[in-house]
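To start, the structure itself, in structure tokens.
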Amino acid sequence: MQKKGKFSPTGVNGNILFCLIMILPIFLAFVQCSVEKKQDAEEKRSELIQPAKWWEKLPRPIYAKLEKVDTTQEWFEVYKLLDGTYAVYEPYQFEEAICYLVIGKEKAVVIDTGTGIGDLKKVVSELTHMPVSVVNTHGHWDHIGNNYQFEEIACFNNADCINRLRTRVENSSLKSSITGDSIWKPLPEGFDAAAWEIPPVEPSILLEEGNIIDLGDRTLEVIHTPGHSPGSMCLLDKKNRILFTGDTFFPGPLYAYPEDVNIDDYIASVEKLKSRLDEYDYLCAGHNDPWVKSEVISRVSAAFQEIMAGKGEYKEDKGIRRYYYEGFDILIRADMIKN
Ligand SMILES: [Zn+2]
């Protein structure tokens, strides 16, 4: 049944008015769409940062050497690194985020929680029945996406990190991460791209330099490594001689260019990790590869020294330079280099 509206235009003027009212929303939608397209184009990341078809180099060679573990959650790949140590990897989205499940005799933690696109808690529940809490290496969105699924959440006692956890990451700033070249496989079933956001959480534990997280028969030592972000930290599993590095190191282009980077702090943090190289053999990084020989830290240190001395090979685009090394690169703003 068609209801008769109050507005019933008759005559020539009425028809013009009626047409205008019908056309106006279409016209406004067209204008808005053009503006959005322009913004998207402007926000498209430089090829230096996000190369086209970045996924063509996947799978990365290291994964053929690791023990793959089944999961019902197709968005993730899970690899067992050691007894009670799993890498949970998101290979289909540009960040290639990796979080880690670390299980002790009494407790388990997940180090970082990825982009929030997949159901991390489900993956974790398939690997352990222990209660699992979260330890964040820092507060960037691609490391905290699933924090909201867990009760107990720890981060370094730093205002920037705490504020990031407490701040909702809106859909408008996330959507470019799941469109165009940023993903190469379908999003998980039931994932609502238009509603996707990262909900705020309240950290329940604030960690300090040297704190020991005791999981029962294995511990994680907090090493504050500011630079990539003010609240960045690494976690040292002394017994198993592995270091969880977050974004302080990963085998890819290290982000030393964004606004919240403090380059002097970053270099000092790399030196700090270098001074403790005798305590760990492998790095479990926040992106790309979960199992990297620790010697690379010495070479990252040397690379930063070289760059700051005005040397090294690079390409530059819009004031950002990408310096090329074996096993990693460094993205840095030209104005950060003093010489
Ligand atoms: Zn980061």
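By order of appearance in the structure tokens: chains A, B, ..., then residues from 1 within every chain, and ligands from 1 in the order shown.
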Please identify all polymer residues within 12 Å of Pro290 of chain A, counting only C-alpha atoms, omitting same-chain residues fewer than 2 positions from it, and present them as an MDAnalysis selection string.
-> chainID A and resid 60:63 65:67 77:82 85:91 96:101 242:247 249:252 282:288 292:294
Go through chain A residue by residue and, counting only C-alpha atoms and all ligand atoms, keep those with an atom at most 7 Å from ligand 1; for each kept residue give the shortest atom pair and its distance in Å to one decimal, ordered by chain and increasing number, as CSV.
residue,atom,partner,partner_atom_place_in_ligand_line,distance
A:His138,CA,ligand 1,1 (Zn),6.7
A:His140,CA,ligand 1,1 (Zn),4.9
A:His228,CA,ligand 1,1 (Zn),6.5
A:Ser229,CA,ligand 1,1 (Zn),6.8
A:Asp247,CA,ligand 1,1 (Zn),5.1
Got a sec: who's within 12 Å of Gln149 of chain A, counting only C-alpha atoms, leaving out chain neighbours fewer than 2 positions off, as a VMD selection string?
-> chain A and resid 110 113 to 114 116 118 to 125 132 to 134 144 to 147 151 to 153 198 to 201
Contacts of Ile183 of chain A within 7 Å, only C-alpha atoms, excl. fewer than 5 positions in-chain, as a ChimeraX atom specification | /A:92-94,178
Which neighbours of segment 219-226 of chain A fall inside 7 Å, counting only C-alpha atoms, when residues of the same chain fewer than 2 positions from it are skipped, and could you give them as an MDAnalysis selection string?
-> chainID A and resid 208:215 217 228:237 265:266 269
Could you please take those selected residues and save N, CA, C and O atoms as a compact mmCIF listing (two decimals), in the first residue's frame?
# COMPACT_ATOMS: atom_id res chain seq x y z
N GLU A 208 57.27 -0.85 34.54
CA GLU A 208 58.43 0.03 34.63
C GLU A 208 59.66 -0.73 34.15
O GLU A 208 59.68 -1.96 34.13
N GLU A 209 60.70 0.02 33.84
CA GLU A 209 61.98 -0.56 33.44
C GLU A 209 62.42 -1.62 34.46
O GLU A 209 62.39 -1.37 35.67
N GLY A 210 62.79 -2.79 34.00
CA GLY A 210 63.32 -3.82 34.89
C GLY A 210 62.28 -4.70 35.55
O GLY A 210 62.63 -5.69 36.20
N ASN A 211 61.00 -4.35 35.41
CA ASN A 211 59.95 -5.21 35.99
C ASN A 211 60.06 -6.62 35.41
O ASN A 211 60.42 -6.80 34.24
N ILE A 212 59.74 -7.60 36.26
CA ILE A 212 59.76 -8.99 35.82
C ILE A 212 58.33 -9.52 35.82
O ILE A 212 57.64 -9.47 36.84
N ILE A 213 57.88 -10.00 34.67
CA ILE A 213 56.56 -10.62 34.57
C ILE A 213 56.78 -12.12 34.75
O ILE A 213 57.42 -12.77 33.91
N ASP A 214 56.27 -12.66 35.85
CA ASP A 214 56.52 -14.07 36.18
C ASP A 214 55.34 -14.92 35.70
O ASP A 214 54.22 -14.77 36.19
N LEU A 215 55.60 -15.80 34.74
CA LEU A 215 54.54 -16.64 34.19
C LEU A 215 54.57 -18.05 34.80
O LEU A 215 53.75 -18.89 34.45
N ASP A 217 57.90 -20.50 36.01
CA ASP A 217 59.00 -21.22 35.34
C ASP A 217 59.50 -20.52 34.07
O ASP A 217 60.25 -21.09 33.29
N HIS A 228 60.87 4.56 18.69
CA HIS A 228 59.80 4.33 17.70
C HIS A 228 58.51 4.99 18.21
O HIS A 228 57.76 5.60 17.45
N SER A 229 58.26 4.84 19.51
CA SER A 229 57.23 5.63 20.20
C SER A 229 57.73 5.82 21.63
O SER A 229 58.60 5.06 22.08
N PRO A 230 57.22 6.83 22.35
CA PRO A 230 57.77 7.09 23.69
C PRO A 230 57.58 5.92 24.66
O PRO A 230 58.39 5.71 25.56
N GLY A 231 56.50 5.16 24.48
CA GLY A 231 56.21 4.08 25.42
C GLY A 231 56.64 2.71 24.92
O GLY A 231 56.22 1.69 25.48
N SER A 232 57.48 2.65 23.89
CA SER A 232 57.89 1.35 23.35
C SER A 232 58.74 0.58 24.36
O SER A 232 59.57 1.15 25.06
N MET A 233 58.53 -0.73 24.39
CA MET A 233 59.39 -1.57 25.24
C MET A 233 59.60 -2.92 24.55
O MET A 233 58.86 -3.32 23.66
N CYS A 234 60.68 -3.58 24.99
CA CYS A 234 60.94 -4.95 24.56
C CYS A 234 60.79 -5.84 25.78
O CYS A 234 60.84 -5.38 26.92
N LEU A 235 60.61 -7.15 25.54
CA LEU A 235 60.45 -8.11 26.64
C LEU A 235 61.46 -9.23 26.44
O LEU A 235 61.49 -9.85 25.37
N LEU A 236 62.26 -9.45 27.46
CA LEU A 236 63.32 -10.46 27.38
C LEU A 236 62.91 -11.72 28.14
O LEU A 236 62.64 -11.67 29.34
N ASP A 237 62.86 -12.83 27.40
CA ASP A 237 62.65 -14.14 28.00
C ASP A 237 64.05 -14.74 28.17
O ASP A 237 64.60 -15.35 27.24
N ASP A 265 66.39 8.97 20.99
CA ASP A 265 65.94 7.87 21.88
C ASP A 265 66.01 6.53 21.15
O ASP A 265 66.39 5.52 21.74
N TYR A 266 65.60 6.55 19.88
CA TYR A 266 65.58 5.30 19.10
C TYR A 266 67.00 4.72 19.03
O TYR A 266 67.24 3.54 19.31
N SER A 269 68.13 3.37 22.30
CA SER A 269 67.47 2.09 22.61
C SER A 269 68.13 0.94 21.87
O SER A 269 68.29 -0.16 22.43
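Distance annotation: of A:Ser46, A:Thr167, A:Gln305, A:Ser298, the residue with the minimal separation from Gly139 of chain A is A:Thr167; atom set is only C-alpha atoms.
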Which neighbours of Lys318 of chain A fall inside 12 Å, counting only C-alpha atoms, when residues of the same chain fewer than 5 positions from it are skipped, and could you give them as a ChimeraX atom specification?
-> /A:45-49,257,332-335
Please indicate the distance in Å from atom CA of Cys161 of chain A to atom CA of Leu254 of chain A, rounded to one decimal place.
->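 If I compute the distance from atom CA of Cys161 of chain A to atom CA of Leu254 of chain A, I get 19.0 Å.
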Could you pull out all residues of segment 151-188 of chain A with a DSSP call of helix (DSSP H, G or I) and give them as a ChimeraX atom specification?
-> /A:159-166,171-178,180-182
Students should find that atom CA of Phe191 of chain A and atom CA of Ile117 of chain A are spaced 7.2 Å
